>>> print(open('work.txt').read())   # compact mmCIF, C-alpha atoms
# COMPACT_ATOMS: atom_id res chain seq x y z
CA MET A 448 11.20 18.75 -9.80
CA ALA A 449 10.31 15.09 -10.41
CA LYS A 450 6.62 14.39 -10.81
CA THR A 451 4.88 12.61 -7.97
CA VAL A 452 1.55 10.81 -7.98
CA PRO A 453 -0.52 10.12 -4.85
CA VAL A 454 -2.00 6.62 -4.86
CA LEU A 455 -4.62 6.74 -2.12
CA LEU A 456 -5.47 3.65 -0.06
CA TYR A 457 -8.91 3.26 1.51
CA HIS A 458 -10.49 0.25 3.17
CA SER A 459 -14.00 0.90 4.47
CA VAL A 460 -16.33 3.84 3.71
CA CYS A 461 -19.06 3.74 6.33
CA ALA A 462 -20.46 5.73 9.25
CA ASP A 463 -20.43 2.89 11.79
CA PRO A 464 -17.43 0.60 11.29
CA ALA A 465 -16.65 -2.44 13.42
CA PRO A 466 -14.47 -1.54 16.44
CA LEU A 467 -11.28 -2.91 14.88
CA MET A 468 -11.97 -1.03 11.65
CA ARG A 469 -12.28 2.44 13.18
CA ASP A 470 -8.68 3.26 12.30
CA TRP A 471 -9.24 2.09 8.72
CA ALA A 472 -12.59 3.64 7.82
CA VAL A 473 -13.76 7.05 6.63
CA THR A 474 -17.36 8.21 6.67
CA PRO A 475 -19.29 8.68 3.41
CA ALA A 476 -19.33 12.44 4.09
CA GLN A 477 -15.53 12.50 4.51
CA PHE A 478 -15.06 10.50 1.33
CA ARG A 479 -17.22 12.92 -0.65
CA ASP A 480 -15.20 15.78 0.83
CA HIS A 481 -12.01 14.09 -0.39
CA LEU A 482 -13.42 13.77 -3.90
CA ALA A 483 -14.60 17.39 -3.87
CA MET A 484 -11.08 18.50 -2.92
CA LEU A 485 -9.56 16.47 -5.75
CA GLN A 486 -11.99 18.06 -8.20
CA ARG A 487 -11.29 21.54 -6.83
CA GLU A 488 -7.53 21.03 -7.18
CA GLY A 489 -7.89 19.83 -10.77
CA TYR A 490 -6.90 16.18 -10.29
CA THR A 491 -7.80 13.48 -12.78
CA THR A 492 -8.04 9.81 -11.84
CA LEU A 493 -6.58 6.65 -13.35
CA THR A 494 -7.03 3.01 -12.44
CA VAL A 495 -3.89 1.33 -11.16
CA SER A 496 -3.39 -0.62 -14.39
CA ASP A 497 -3.80 2.52 -16.53
CA TYR A 498 -1.37 4.34 -14.26
CA ALA A 499 1.14 1.46 -14.48
CA ALA A 500 0.82 1.52 -18.28
CA ARG A 501 1.75 5.21 -18.30
CA LEU A 502 4.74 4.55 -16.06
CA ARG A 503 5.98 2.10 -18.68
CA SER A 504 5.89 4.87 -21.30
CA PRO A 505 8.82 7.28 -21.65
CA ALA A 506 6.33 10.17 -21.96
CA THR A 507 5.34 11.22 -18.43
CA ALA A 508 4.02 14.75 -19.01
CA ASP A 509 0.48 13.40 -18.78
CA LEU A 510 0.98 12.52 -15.10
CA ASP A 511 0.51 16.12 -13.98
CA HIS A 512 -2.27 16.30 -11.37
CA VAL A 513 -3.02 12.58 -11.58
CA VAL A 514 -4.33 10.73 -8.54
CA VAL A 515 -5.05 7.01 -8.19
CA ILE A 516 -7.80 5.89 -5.79
CA THR A 517 -7.64 2.34 -4.43
CA PHE A 518 -9.59 0.21 -1.95
CA ASP A 519 -8.42 -2.96 -0.23
CA ASP A 520 -10.34 -6.03 0.94
CA GLY A 521 -13.75 -5.76 -0.77
CA PHE A 522 -16.14 -4.45 1.87
CA ALA A 523 -19.83 -4.23 0.93
CA ASP A 524 -19.86 -0.53 1.82
CA PHE A 525 -17.81 0.12 -1.33
CA GLU A 526 -20.89 -0.64 -3.41
CA GLU A 527 -23.16 1.23 -0.99
CA SER A 528 -21.15 4.41 -0.40
CA ALA A 529 -17.91 4.72 -2.35
CA ALA A 530 -18.96 3.63 -5.84
CA PRO A 531 -21.93 6.05 -6.09
CA ALA A 532 -19.76 8.98 -4.93
CA LEU A 533 -17.03 8.10 -7.44
CA LEU A 534 -19.55 7.75 -10.25
CA GLU A 535 -21.13 11.10 -9.40
CA ALA A 536 -17.69 12.73 -9.42
CA GLY A 537 -16.74 11.06 -12.72
CA MET A 538 -13.76 9.32 -11.13
CA VAL A 539 -12.36 5.83 -11.64
CA SER A 540 -10.79 3.58 -9.01
CA THR A 541 -9.29 0.15 -8.35
CA LEU A 542 -10.80 -2.27 -5.83
CA TYR A 543 -8.75 -5.19 -4.50
CA VAL A 544 -10.74 -8.23 -3.36
CA SER A 545 -9.74 -11.00 -0.95
CA THR A 546 -11.69 -13.77 -2.61
CA ALA A 547 -12.16 -16.19 0.32
CA TYR A 548 -14.57 -13.77 1.99
CA VAL A 549 -16.80 -12.75 -0.94
CA GLY A 550 -20.45 -12.90 0.12
CA ALA A 551 -19.50 -13.32 3.79
CA THR A 552 -17.75 -11.13 6.37
CA SER A 553 -14.20 -10.01 7.08
CA SER A 554 -13.72 -12.94 9.45
CA TRP A 555 -9.91 -12.83 9.17
CA LEU A 556 -10.11 -9.78 11.46
CA GLY A 557 -11.94 -11.64 14.23
CA PRO A 558 -15.26 -10.69 15.86
CA ASP A 559 -14.22 -7.07 16.52
CA GLY A 560 -13.41 -6.50 12.86
CA GLU A 561 -16.22 -8.28 11.05
CA GLN A 562 -18.06 -6.29 8.39
CA LYS A 563 -20.09 -7.40 5.39
CA MET A 564 -18.17 -8.13 2.21
CA LEU A 565 -19.21 -7.66 -1.40
CA THR A 566 -21.03 -10.50 -3.15
CA TRP A 567 -19.97 -11.88 -6.51
CA ASP A 568 -23.00 -10.22 -8.15
CA MET A 569 -21.98 -6.84 -6.72
CA ILE A 570 -18.39 -7.28 -7.90
CA ALA A 571 -19.55 -8.18 -11.42
CA GLU A 572 -21.44 -4.88 -11.71
CA LEU A 573 -18.54 -2.63 -10.70
CA PRO A 574 -16.42 -2.56 -13.90
CA SER A 575 -19.32 -0.87 -15.73
CA LEU A 576 -19.07 1.94 -13.12
CA GLY A 577 -15.40 2.67 -13.83
CA VAL A 578 -14.00 0.35 -11.16
CA GLU A 579 -11.02 -1.86 -11.96
CA ILE A 580 -11.13 -5.11 -10.01
CA GLY A 581 -7.82 -6.41 -8.68
CA ALA A 582 -6.79 -9.37 -6.55
CA HIS A 583 -5.85 -9.12 -2.86
CA ALA A 584 -4.88 -12.78 -2.43
CA HIS A 585 -7.38 -15.41 -1.31
CA ARG A 586 -7.34 -15.43 2.50
CA HIS A 587 -5.64 -12.07 3.24
CA LEU A 588 -2.51 -13.67 4.69
CA ALA A 589 0.93 -12.05 4.87
CA LEU A 590 2.39 -13.72 1.79
CA ASP A 591 6.03 -13.25 2.70
CA GLU A 592 5.53 -15.31 5.89
CA LEU A 593 4.11 -18.31 4.04
CA ASP A 594 5.76 -21.34 2.56
CA PRO A 595 6.33 -20.47 -1.15
CA ALA A 596 3.85 -23.11 -2.32
CA GLN A 597 1.17 -21.68 -0.02
CA ALA A 598 1.88 -18.14 -1.16
CA GLN A 599 1.60 -19.16 -4.80
CA VAL A 600 -1.78 -20.77 -4.19
CA GLU A 601 -3.04 -17.61 -2.45
CA ILE A 602 -1.99 -15.46 -5.41
CA VAL A 603 -3.14 -17.70 -8.25
CA GLN A 604 -6.42 -18.73 -6.65
CA SER A 605 -7.54 -15.13 -6.17
CA LYS A 606 -6.76 -14.33 -9.81
CA ASN A 607 -8.53 -17.41 -11.13
CA LEU A 608 -11.68 -16.84 -9.07
CA LEU A 609 -11.98 -13.21 -10.11
CA GLU A 610 -11.35 -13.94 -13.79
CA HIS A 611 -13.95 -16.71 -13.73
CA ALA A 612 -16.51 -14.40 -12.11
CA LEU A 613 -15.86 -11.42 -14.39
CA GLY A 614 -14.93 -13.15 -17.62
CA ALA A 615 -12.02 -10.74 -18.05
CA PRO A 616 -8.29 -10.66 -17.23
CA ILE A 617 -7.24 -9.39 -13.80
CA GLU A 618 -4.09 -7.31 -14.19
CA SER A 619 -3.50 -5.74 -10.78
CA PHE A 620 -2.61 -7.22 -7.39
CA ALA A 621 -2.31 -5.70 -3.90
CA TYR A 622 -0.25 -7.43 -1.22
CA PRO A 623 -2.20 -8.11 2.00
CA HIS A 624 -0.87 -5.79 4.73
CA GLY A 625 1.46 -4.39 2.04
CA TYR A 626 3.97 -7.15 2.85
CA HIS A 627 6.10 -8.44 0.00
CA GLY A 628 9.66 -9.23 -1.00
CA GLN A 629 11.43 -10.22 -4.20
CA ALA A 630 10.22 -13.82 -4.07
CA VAL A 631 6.57 -12.80 -3.64
CA LYS A 632 6.84 -10.16 -6.36
CA GLN A 633 8.19 -12.78 -8.74
CA MET A 634 5.24 -15.06 -7.97
CA VAL A 635 2.85 -12.22 -8.79
CA ARG A 636 4.61 -11.61 -12.11
CA LEU A 637 4.56 -15.30 -13.01
CA ALA A 638 0.85 -15.51 -12.15
CA GLY A 639 0.21 -13.08 -15.02
CA PHE A 640 -0.34 -9.79 -13.22
CA THR A 641 1.10 -6.67 -14.88
CA ASN A 642 1.40 -4.54 -11.74
CA ALA A 643 1.02 -4.66 -7.96
CA CYS A 644 0.56 -2.26 -5.05
CA GLY A 645 2.35 -2.15 -1.73
CA VAL A 646 1.73 0.51 0.89
CA LYS A 647 4.89 2.45 1.95
CA HIS A 648 2.86 5.56 2.95
CA ALA A 649 4.76 7.62 0.41
CA LEU A 650 4.23 9.13 -3.03
CA SER A 651 4.53 7.23 -6.28
CA GLY A 652 5.73 8.59 -9.61
CA PRO A 653 7.91 7.77 -12.64
CA GLY A 654 10.50 5.16 -11.70
CA ASP A 655 8.35 3.56 -9.00
CA ASP A 656 8.45 -0.22 -8.76
CA LEU A 657 5.62 -1.53 -10.97
CA PHE A 658 5.29 -4.54 -8.67
CA GLY A 659 5.52 -2.52 -5.46
CA LEU A 660 3.71 0.74 -6.17
CA ALA A 661 3.68 3.15 -3.25
CA ARG A 662 0.37 4.09 -1.66
CA ILE A 663 -0.82 6.53 1.00
CA ILE A 664 -3.07 5.29 3.80
CA VAL A 665 -5.94 7.76 4.22
CA ALA A 666 -6.46 8.54 7.91
CA PRO A 667 -9.94 8.14 9.42
CA ASP A 668 -10.02 11.73 10.73
CA ALA A 669 -8.84 13.44 7.54
CA ASP A 670 -11.08 15.96 5.81
CA GLY A 671 -10.34 17.16 2.29
CA ASP A 672 -7.90 19.86 3.35
CA ALA A 673 -6.01 17.47 5.64
CA LEU A 674 -5.72 14.95 2.83
CA LEU A 675 -4.40 17.64 0.47
CA SER A 676 -1.84 18.69 3.08
CA LEU A 677 -0.72 15.07 3.43
CA MET A 678 -0.40 14.65 -0.32
CA ASN A 679 1.74 17.79 -0.51
CA SER A 680 3.99 16.91 2.42
CA LEU A 681 4.95 13.29 1.84
CA ARG A 682 8.17 12.26 0.14
CA ARG A 683 8.65 10.08 -2.89
CA ALA A 684 8.96 6.37 -2.07
CA PRO A 685 12.41 4.78 -2.42
CA ARG A 686 12.79 2.64 -5.52
CA HIS A 687 14.10 -0.37 -3.60
CA GLU A 688 13.03 -2.04 -0.38
CA THR A 689 14.50 -0.44 2.73
CA ALA A 690 16.63 -2.21 5.31
CA LYS A 691 13.89 -1.50 7.87
CA ALA A 692 11.32 -3.36 5.76
CA LYS A 693 13.64 -6.34 5.37
CA ALA A 694 14.35 -6.44 9.11
CA TRP A 695 10.62 -6.30 9.93
CA ARG A 696 10.02 -9.24 7.59
CA MET A 697 12.60 -11.27 9.48
CA VAL A 698 10.86 -10.46 12.79
CA ARG A 699 7.45 -11.46 11.41
CA ARG A 700 8.76 -14.70 9.94
CA ALA A 701 10.41 -15.64 13.24
CA LYS A 702 7.13 -14.99 15.07
CA ALA A 703 5.21 -17.06 12.52
CA ARG A 704 7.65 -19.97 12.98
CA ARG A 705 7.22 -19.82 16.75
CA GLN A 706 3.44 -19.91 16.37
CA LEU A 707 3.72 -22.85 13.99
CA HIS A 708 5.80 -24.84 16.43
CA ALA A 709 3.63 -23.90 19.40
CA HIS A 710 0.23 -24.62 17.84
CA GLY A 711 0.92 -26.80 14.83
CA ALA A 712 -1.04 -24.30 12.70
CA PRO A 713 -0.10 -23.43 9.11
CA THR A 714 2.46 -20.64 8.97
CA GLY A 715 0.77 -17.27 8.46
CA SER A 716 -2.66 -18.34 9.73
CA THR A 717 -4.75 -15.78 11.58
>>> encode(input="work.txt", output="structure tokens")
Amino acid sequence: MAKTVPVLLYHSVCADPAPLMRDWAVTPAQFRDHLAMLQREGYTTLTVSDYAARLRSPATADLDHVVVITFDDGFADFEESAAPALLEAGMVSTLYVSTAYVGATSSWLGPDGEQKMLTWDMIAELPSLGVEIGAHAHRHLALDELDPAQAQVEIVQSKNLLEHALGAPIESFAYPHGYHGQAVKQMVRLAGFTNACGVKHALSGPGDDLFGLARIIVAPDADGDALLSLMNSLRRAPRHETAKAKAWRMVRRAKARRQLHAHGAPTGST
């Protein structure tokens, strides 16, 4: 049987999320229960870039019972709740930051979704705690809906800001909303990233697309046993983009064009 690797996707770890974030948040107690389950089941953790490096190697025996833990956006509760639990458990992770909102709130979500974001000082401390920092574009826009020049700015600006703040290369990228296509993936490669995460809600493993790694969205009501059941029941992600994903991109682009013509706003604005 081919090896599979669950790449878990979290957003917020807090007890009282903003209304719009309730479907995307787990409580600190739930998160600790997830980590306890992973320890009990004998899983070891890798950062996304370390995992991608192993996928490039022909030797894949060392992927047995590997799990990758990721976080999108850069909420302040990562530093308050998630990072201490990961450190206590001896686990590493990758955090993807949308750089326009550092030190502010998640204003791209509107008033019902606003939560505090990490500051630059907080972000700078995280690598010493076993946290890989990755880029999540600048303004958290759907990159495949944007004009190519705009998309390139979003990608490159997030990388440059993070590298300036940390004084270290940023290797990993996560597509906002998981949306990407061949053109966006090529921009990420050319920007100097070595890997990138999508979503797909499926398992990763050897042969996965290094610039579209599959991740599993962790449900807000999942305890450790429910998460284990999910990890054991999901299928391996397809290597190439599905027809459904391509069709959905066409629908989103058409909607974005209509909004542009109706309001005169930049395509992809929120």
>>> closest_residue(input="work.txt", among="A:Val600, A:Ala571, A:Ala621, A:Met678", to="Val513 in chain A", atoms="all atoms listed in the file")
A:Met678
>>> closest_residue(input="work.txt", among="A:Thr641, A:Asn679, A:Thr451, A:Gln599", to="Ile617 in chain A", atoms="only C-alpha atoms")
A:Thr641
>>> residues_around(input="work.txt", residues="range 496-501 of chain A", least_positions_apart="5", cutoff="9 Å", atoms="all atoms listed in the file", output="PDB file with C-alpha atoms, in the coordinates of the input")
ATOM      1  CA  ALA A 506       6.330  10.170 -21.960  1.00  0.00           C
ATOM      2  CA  THR A 507       5.340  11.220 -18.430  1.00  0.00           C
ATOM      3  CA  ASP A 509       0.480  13.400 -18.780  1.00  0.00           C
ATOM      4  CA  LEU A 510       0.980  12.520 -15.100  1.00  0.00           C
ATOM      5  CA  VAL A 513      -3.020  12.580 -11.580  1.00  0.00           C
ATOM      6  CA  VAL A 515      -5.050   7.010  -8.190  1.00  0.00           C
ATOM      7  CA  THR A 541      -9.290   0.150  -8.350  1.00  0.00           C
ATOM      8  CA  GLU A 579     -11.020  -1.860 -11.960  1.00  0.00           C
ATOM      9  CA  GLU A 618      -4.090  -7.310 -14.190  1.00  0.00           C
ATOM     10  CA  SER A 619      -3.500  -5.740 -10.780  1.00  0.00           C
ATOM     11  CA  THR A 641       1.100  -6.670 -14.880  1.00  0.00           C
ATOM     12  CA  ASN A 642       1.400  -4.540 -11.740  1.00  0.00           C
ATOM     13  CA  ALA A 643       1.020  -4.660  -7.960  1.00  0.00           C
ATOM     14  CA  PRO A 653       7.910   7.770 -12.640  1.00  0.00           C
ATOM     15  CA  LEU A 657       5.620  -1.530 -10.970  1.00  0.00           C
ATOM     16  CA  LEU A 660       3.710   0.740  -6.170  1.00  0.00           C
TER      17      LEU A 660
END
>>> atom_distance(input="work.txt", atom1="CA of Met634 in chain A", atom2="CA of Ile602 in chain A")
7.7 Å
>>> atom_distance(input="work.txt", atom1="CA of His627 in chain A", atom2="CA of Asp594 in chain A")
13.2 Å
>>> closest_residue(input="work.txt", among="A:Val495, A:Ala462, A:Leu650, A:Ala638", to="Lys606 in chain A", atoms="all atoms listed in the file")
A:Ala638
>>> atom_distance(input="work.txt", atom1="CA of Phe478 in chain A", atom2="CA of Ala551 in chain A")
24.4 Å
>>> closest_residue(input="work.txt", among="A:His458, A:Lys563, A:Arg683, A:Arg487", to="Ala649 in chain A", atoms="only C-alpha atoms")
A:Arg683
>>> closest_residue(input="work.txt", among="A:Gly639, A:Pro475, A:Gly557, A:Pro595", to="Pro616 in chain A", atoms="all atoms listed in the file")
A:Gly639
>>> closest_residue(input="work.txt", among="A:Gly489, A:Gly654, A:Gly581, A:Gly645", to="Val454 in chain A", atoms="only C-alpha atoms")
A:Gly645
>>> decode(input="work.txt", residues="range 452-517 of chain A", atoms="C-alpha atoms", output="short mmCIF file (atom, residue, chain, number, x, y, z; two decimals), in the first residue's frame")
data_model
loop_
_atom_site.label_atom_id
_atom_site.label_comp_id
_atom_site.auth_asym_id
_atom_site.auth_seq_id
_atom_site.Cartn_x
_atom_site.Cartn_y
_atom_site.Cartn_z
CA VAL A 452 0.95 11.58 4.96
CA PRO A 453 -1.69 13.77 6.62
CA VAL A 454 -0.87 17.47 6.31
CA LEU A 455 -3.20 19.13 8.81
CA LEU A 456 -4.55 22.64 8.22
CA TYR A 457 -5.53 24.84 11.15
CA HIS A 458 -6.41 28.53 11.24
CA SER A 459 -7.30 29.80 14.71
CA VAL A 460 -6.76 28.11 18.09
CA CYS A 461 -8.91 29.97 20.59
CA ALA A 462 -11.91 29.50 22.87
CA ASP A 463 -13.89 32.52 21.64
CA PRO A 464 -13.42 33.07 17.90
CA ALA A 465 -15.08 35.83 15.90
CA PRO A 466 -18.48 34.74 14.51
CA LEU A 467 -17.17 34.19 10.99
CA MET A 468 -14.25 32.15 12.33
CA ARG A 469 -16.30 29.60 14.27
CA ASP A 470 -16.08 27.10 11.42
CA TRP A 471 -12.31 27.59 11.22
CA ALA A 472 -11.24 27.52 14.87
CA VAL A 473 -10.51 24.81 17.43
CA THR A 474 -10.26 25.41 21.15
CA PRO A 475 -6.89 25.15 22.94
CA ALA A 476 -8.21 22.04 24.74
CA GLN A 477 -9.16 20.40 21.42
CA PHE A 478 -5.77 21.24 19.95
CA ARG A 479 -3.96 19.65 22.89
CA ASP A 480 -6.18 16.59 22.48
CA HIS A 481 -5.14 16.38 18.83
CA LEU A 482 -1.46 16.52 19.77
CA ALA A 483 -1.97 13.90 22.49
CA MET A 484 -3.58 11.58 19.92
CA LEU A 485 -0.67 12.06 17.52
CA GLN A 486 1.77 11.21 20.30
CA ARG A 487 -0.26 8.18 21.35
CA GLU A 488 -0.35 6.88 17.77
CA GLY A 489 3.41 7.30 17.37
CA TYR A 490 3.43 10.14 14.83
CA THR A 491 6.46 12.34 14.27
CA THR A 492 6.22 15.85 12.84
CA LEU A 493 8.03 17.62 10.02
CA THR A 494 7.85 21.18 8.77
CA VAL A 495 6.45 21.54 5.27
CA SER A 496 9.88 22.30 3.79
CA ASP A 497 11.47 19.29 5.51
CA TYR A 498 8.61 17.12 4.29
CA ALA A 499 8.97 18.47 0.74
CA ALA A 500 12.71 17.72 0.88
CA ARG A 501 11.95 14.10 1.76
CA LEU A 502 9.47 13.84 -1.10
CA ARG A 503 12.29 14.85 -3.45
CA SER A 504 14.37 11.91 -2.20
CA PRO A 505 13.88 8.44 -3.69
CA ALA A 506 14.02 6.96 -0.17
CA THR A 507 10.54 7.26 1.34
CA ALA A 508 10.67 4.64 4.11
CA ASP A 509 11.17 7.44 6.64
CA LEU A 510 7.67 8.79 5.95
CA ASP A 511 6.01 6.11 8.08
CA HIS A 512 3.83 7.75 10.74
CA VAL A 513 4.79 11.27 9.68
CA VAL A 514 2.33 14.12 10.12
CA VAL A 515 2.73 17.76 9.05
CA ILE A 516 0.97 20.47 11.08
CA THR A 517 0.24 23.79 9.35
#
